[in-house]
Amino acid sequence: MNLIESKSSYLALFLNGNIAHIINPWTLIIDLDNELITVEKRNWYFIGTNKNSIAFRFIRNIKIDEHLFGANISIKATGGWVSAYYLPKRDTKIIKEVLFNYNQTKKNSIIFL
C-alpha cells in the first residue's frame with residue numbers, strides 16, 4: 001500500500017498564531033494506489049471529522065506557501081483541489097516530489113508550478 005501522511009506541525013501552528021487549531025490540526029493523506037487525496041480536520045465539536053477527498057489521475061498544480069515555521073500546500077488535480085495548512089516543510093517537499101514523479105508515470109502528464 002502506497003500511503004503518504006502528514007499532519008500540521010504543533011510548533012508551526014503555535015508560532016504562526018493559530019493556537020486554536022492545535023487541538024484539531026489538518027491531516028493530509030495521499031493514497032497513490034487508489035489515486036485519492038484526502039484532507040482531514042476534526043470539527044470544532046470533536047464529534048467527527050471534516051474530510052475533503054478528491055480522486056486524481058493527473059496533477060494540474062502544486063502550490064507550496066512556506067512560512068518561517070511550516071508550509072501550506074494546495075494541490076489541484078483533474079478531480080478538484082485540496083489544501084492543508086502548517087505542515088512541516090520537509091513533508092511538503094516530499095509530497096511535491098512524490099506527486100511529480102507519480103504524475104510523470106502517466107501519459108500526457110503536466111504539472112504547472
# chains A, B, ... in the order shown; residues from 1 in each chain; ligands from 1
call {"tool": "select_by_dssp", "arguments": {"residues": "segment 5-113 of chain A", "states": "alpha helix (DSSP H)", "output": "PyMOL selection string"}}
result
chain A and resi 10-15+89-104
call {"tool": "residues_around", "arguments": {"residues": "segment 12-15 of chain A", "least_positions_apart": "3", "cutoff": "9 Å", "atoms": "only C-alpha atoms", "output": "PyMOL selection string"}}
result
chain A and resi 8-9+18-22+25+67-71+85-88
call {"tool": "closest_residue", "arguments": {"among": "A:Ile30, A:Ile23, A:Val82, A:Arg57", "to": "Trp44 of chain A", "atoms": "only C-alpha atoms"}}
result
A:Ile23
call {"tool": "residues_around", "arguments": {"residues": "Val98 of chain A", "least_positions_apart": "4", "cutoff": "10 Å", "atoms": "only C-alpha atoms", "output": "ChimeraX atom specification"}}
result
/A:4,30,32,92-94,102-104
call {"tool": "residues_around", "arguments": {"residues": "Ala77 of chain A", "least_positions_apart": "2", "cutoff": "10 Å", "atoms": "only C-alpha atoms", "output": "ChimeraX atom specification"}}
result
/A:37,54-62,74-75,79-82,111
call {"tool": "write_last_selection", "arguments": {"atoms": "all heavy atoms", "output": "short mmCIF file (atom, residue, chain, number, x, y, z; two decimals), in the first residue's frame"}}
result
data_model
loop_
_atom_site.label_atom_id
_atom_site.label_comp_id
_atom_site.auth_asym_id
_atom_site.auth_seq_id
_atom_site.Cartn_x
_atom_site.Cartn_y
_atom_site.Cartn_z
N ILE A 37 -6.62 11.77 -2.76
CA ILE A 37 -6.01 12.72 -1.81
C ILE A 37 -7.11 13.15 -0.84
O ILE A 37 -8.19 13.56 -1.26
CB ILE A 37 -5.45 13.96 -2.53
CG1 ILE A 37 -4.37 13.57 -3.53
CG2 ILE A 37 -4.89 14.95 -1.51
CD1 ILE A 37 -3.88 14.72 -4.38
N ILE A 54 -10.44 14.05 -2.94
CA ILE A 54 -10.55 14.13 -4.39
C ILE A 54 -9.86 12.92 -4.99
O ILE A 54 -8.84 12.45 -4.49
CB ILE A 54 -9.95 15.43 -4.97
CG1 ILE A 54 -8.46 15.55 -4.66
CG2 ILE A 54 -10.70 16.65 -4.53
CD1 ILE A 54 -7.77 16.66 -5.43
N ALA A 55 -10.45 12.41 -6.04
CA ALA A 55 -9.81 11.37 -6.82
C ALA A 55 -9.02 12.07 -7.91
O ALA A 55 -9.49 13.02 -8.51
CB ALA A 55 -10.86 10.45 -7.42
N PHE A 56 -7.80 11.63 -8.12
CA PHE A 56 -6.98 12.30 -9.12
C PHE A 56 -6.41 11.29 -10.09
O PHE A 56 -6.22 10.14 -9.77
CB PHE A 56 -5.85 13.10 -8.47
CG PHE A 56 -4.80 12.25 -7.81
CD1 PHE A 56 -3.67 11.87 -8.51
CD2 PHE A 56 -4.94 11.82 -6.50
CE1 PHE A 56 -2.69 11.09 -7.91
CE2 PHE A 56 -3.97 11.04 -5.90
CZ PHE A 56 -2.85 10.67 -6.60
N ARG A 57 -6.18 11.73 -11.27
CA ARG A 57 -5.45 10.95 -12.26
C ARG A 57 -4.24 11.74 -12.71
O ARG A 57 -3.16 11.22 -12.81
CB ARG A 57 -6.34 10.59 -13.44
CG ARG A 57 -5.61 9.85 -14.51
CD ARG A 57 -6.47 8.79 -15.12
NE ARG A 57 -5.78 8.16 -16.22
CZ ARG A 57 -5.04 7.06 -16.09
NH1 ARG A 57 -4.93 6.49 -14.93
NH2 ARG A 57 -4.45 6.54 -17.14
N PHE A 58 -4.44 13.01 -12.97
CA PHE A 58 -3.35 13.90 -13.36
C PHE A 58 -3.31 15.07 -12.39
O PHE A 58 -4.34 15.68 -12.12
CB PHE A 58 -3.54 14.43 -14.78
CG PHE A 58 -3.60 13.36 -15.81
CD1 PHE A 58 -4.77 13.10 -16.50
CD2 PHE A 58 -2.48 12.60 -16.11
CE1 PHE A 58 -4.82 12.11 -17.46
CE2 PHE A 58 -2.52 11.61 -17.07
CZ PHE A 58 -3.70 11.36 -17.74
N ILE A 59 -2.15 15.40 -11.89
CA ILE A 59 -1.97 16.56 -11.01
C ILE A 59 -1.78 17.78 -11.91
O ILE A 59 -0.92 17.79 -12.78
CB ILE A 59 -0.74 16.38 -10.10
CG1 ILE A 59 -0.87 15.12 -9.26
CG2 ILE A 59 -0.54 17.60 -9.23
CD1 ILE A 59 -2.02 15.10 -8.30
N ARG A 60 -2.58 18.79 -11.69
CA ARG A 60 -2.50 20.01 -12.50
C ARG A 60 -1.58 21.06 -11.89
O ARG A 60 -0.88 21.75 -12.60
CB ARG A 60 -3.89 20.62 -12.67
CG ARG A 60 -4.83 19.77 -13.42
CD ARG A 60 -4.72 20.10 -14.85
NE ARG A 60 -5.74 19.40 -15.58
CZ ARG A 60 -5.59 19.04 -16.81
NH1 ARG A 60 -4.49 19.30 -17.44
NH2 ARG A 60 -6.54 18.41 -17.44
N ASN A 61 -1.62 21.20 -10.57
CA ASN A 61 -0.88 22.29 -9.94
C ASN A 61 -0.58 21.92 -8.49
O ASN A 61 -1.44 21.38 -7.81
CB ASN A 61 -1.74 23.56 -10.00
CG ASN A 61 -0.99 24.79 -9.62
OD1 ASN A 61 0.12 24.71 -9.09
ND2 ASN A 61 -1.57 25.94 -9.88
N ILE A 62 0.63 22.22 -8.07
CA ILE A 62 1.02 22.05 -6.67
C ILE A 62 1.57 23.39 -6.21
O ILE A 62 2.55 23.88 -6.76
CB ILE A 62 2.09 20.96 -6.49
CG1 ILE A 62 1.56 19.62 -6.94
CG2 ILE A 62 2.52 20.88 -5.02
CD1 ILE A 62 2.60 18.52 -6.98
N SER A 74 -1.35 23.42 -1.51
CA SER A 74 -2.60 23.31 -2.26
C SER A 74 -2.31 22.44 -3.47
O SER A 74 -1.35 22.69 -4.20
CB SER A 74 -3.10 24.67 -2.71
OG SER A 74 -3.40 25.48 -1.60
N ILE A 75 -3.15 21.44 -3.67
CA ILE A 75 -2.97 20.50 -4.77
C ILE A 75 -4.22 20.55 -5.64
O ILE A 75 -5.33 20.33 -5.16
CB ILE A 75 -2.74 19.08 -4.26
CG1 ILE A 75 -1.52 19.04 -3.34
CG2 ILE A 75 -2.58 18.11 -5.42
CD1 ILE A 75 -1.37 17.76 -2.57
N GLY A 79 -9.71 16.17 -10.58
CA GLY A 79 -10.91 15.93 -9.79
C GLY A 79 -11.28 17.07 -8.86
O GLY A 79 -12.30 17.03 -8.20
N GLY A 80 -10.49 18.12 -8.77
CA GLY A 80 -10.75 19.24 -7.88
C GLY A 80 -9.48 19.71 -7.22
O GLY A 80 -8.39 19.50 -7.75
N TRP A 81 -9.59 20.33 -6.05
CA TRP A 81 -8.40 20.79 -5.34
C TRP A 81 -8.60 20.64 -3.84
O TRP A 81 -9.73 20.65 -3.34
CB TRP A 81 -8.05 22.23 -5.69
CG TRP A 81 -9.12 23.22 -5.32
CD1 TRP A 81 -10.19 23.59 -6.08
CD2 TRP A 81 -9.23 23.93 -4.09
NE1 TRP A 81 -10.95 24.49 -5.39
CE2 TRP A 81 -10.40 24.73 -4.17
CE3 TRP A 81 -8.47 23.97 -2.93
CZ2 TRP A 81 -10.80 25.55 -3.13
CZ3 TRP A 81 -8.88 24.80 -1.90
CH2 TRP A 81 -10.03 25.57 -2.01
N VAL A 82 -7.48 20.48 -3.12
CA VAL A 82 -7.48 20.39 -1.67
C VAL A 82 -6.32 21.22 -1.12
O VAL A 82 -5.33 21.44 -1.82
CB VAL A 82 -7.35 18.93 -1.15
CG1 VAL A 82 -8.59 18.13 -1.47
CG2 VAL A 82 -6.12 18.26 -1.70
N ILE A 111 2.60 19.16 -14.96
CA ILE A 111 2.42 19.87 -13.69
C ILE A 111 2.84 21.31 -13.92
O ILE A 111 3.93 21.57 -14.40
CB ILE A 111 3.26 19.26 -12.56
CG1 ILE A 111 2.74 17.88 -12.20
CG2 ILE A 111 3.22 20.14 -11.33
CD1 ILE A 111 3.45 17.25 -11.05
#
call {"tool": "select_by_dssp", "arguments": {"residues": "chain A", "states": "strand (DSSP E or B)", "output": "CSV table (one decimal) with C-alpha atoms, in the first residue's frame"}}
result
chain,number,residue,atom,x,y,z
A,3,LEU,CA,0.3,5.9,1.6
A,4,ILE,CA,1.8,9.3,2.5
A,5,GLU,CA,0.5,11.0,5.5
A,6,SER,CA,1.4,14.4,7.0
A,7,LYS,CA,-0.1,16.3,10.0
A,26,TRP,CA,-5.0,19.3,9.4
A,27,THR,CA,-4.0,15.9,8.1
A,28,LEU,CA,-3.1,15.2,4.5
A,29,ILE,CA,-3.3,11.6,3.3
A,30,ILE,CA,-2.2,10.7,-0.3
A,31,ASP,CA,-3.1,7.1,-1.4
A,36,LEU,CA,-7.0,9.6,-3.8
A,37,ILE,CA,-6.0,12.7,-1.8
A,38,THR,CA,-7.8,13.4,1.5
A,39,VAL,CA,-7.5,16.3,3.9
A,40,GLU,CA,-9.0,15.6,7.3
A,41,LYS,CA,-9.6,18.1,10.2
A,42,ARG,CA,-11.5,17.3,13.4
A,49,THR,CA,-14.0,14.9,11.3
A,50,ASN,CA,-14.4,17.0,8.2
A,51,LYS,CA,-12.9,15.3,5.2
A,52,ASN,CA,-12.3,16.7,1.7
A,53,SER,CA,-11.3,14.0,-0.7
A,54,ILE,CA,-10.6,14.1,-4.4
A,55,ALA,CA,-9.8,11.4,-6.8
A,59,ILE,CA,-2.0,16.6,-11.0
A,60,ARG,CA,-2.5,20.0,-12.5
A,61,ASN,CA,-0.9,22.3,-9.9
A,62,ILE,CA,1.0,22.1,-6.7
A,63,LYS,CA,1.4,25.3,-4.7
A,64,ILE,CA,3.5,25.5,-1.6
A,65,ASP,CA,3.4,28.6,0.6
A,66,GLU,CA,6.3,28.4,3.1
A,71,ALA,CA,4.2,25.4,5.0
A,72,ASN,CA,0.8,25.4,3.3
A,73,ILE,CA,0.2,23.1,0.3
A,74,SER,CA,-2.6,23.3,-2.3
A,75,ILE,CA,-3.0,20.5,-4.8
A,76,LYS,CA,-5.1,20.9,-7.9
A,77,ALA,CA,-6.0,17.8,-9.8
A,80,GLY,CA,-10.7,19.2,-7.9
A,81,TRP,CA,-8.4,20.8,-5.3
A,82,VAL,CA,-7.5,20.4,-1.7
A,83,SER,CA,-5.4,22.4,0.8
A,84,ALA,CA,-3.7,21.6,4.1
A,85,TYR,CA,-2.1,24.2,6.3
A,86,TYR,CA,1.0,24.4,8.5
A,87,LEU,CA,2.6,21.1,7.5
A,112,PHE,CA,2.3,23.6,-13.7
call {"tool": "atom_distance", "arguments": {"atom1": "atom CA of Asn34 of chain A", "atom2": "atom CA of Leu99 of chain A"}}
result
13.4 Å
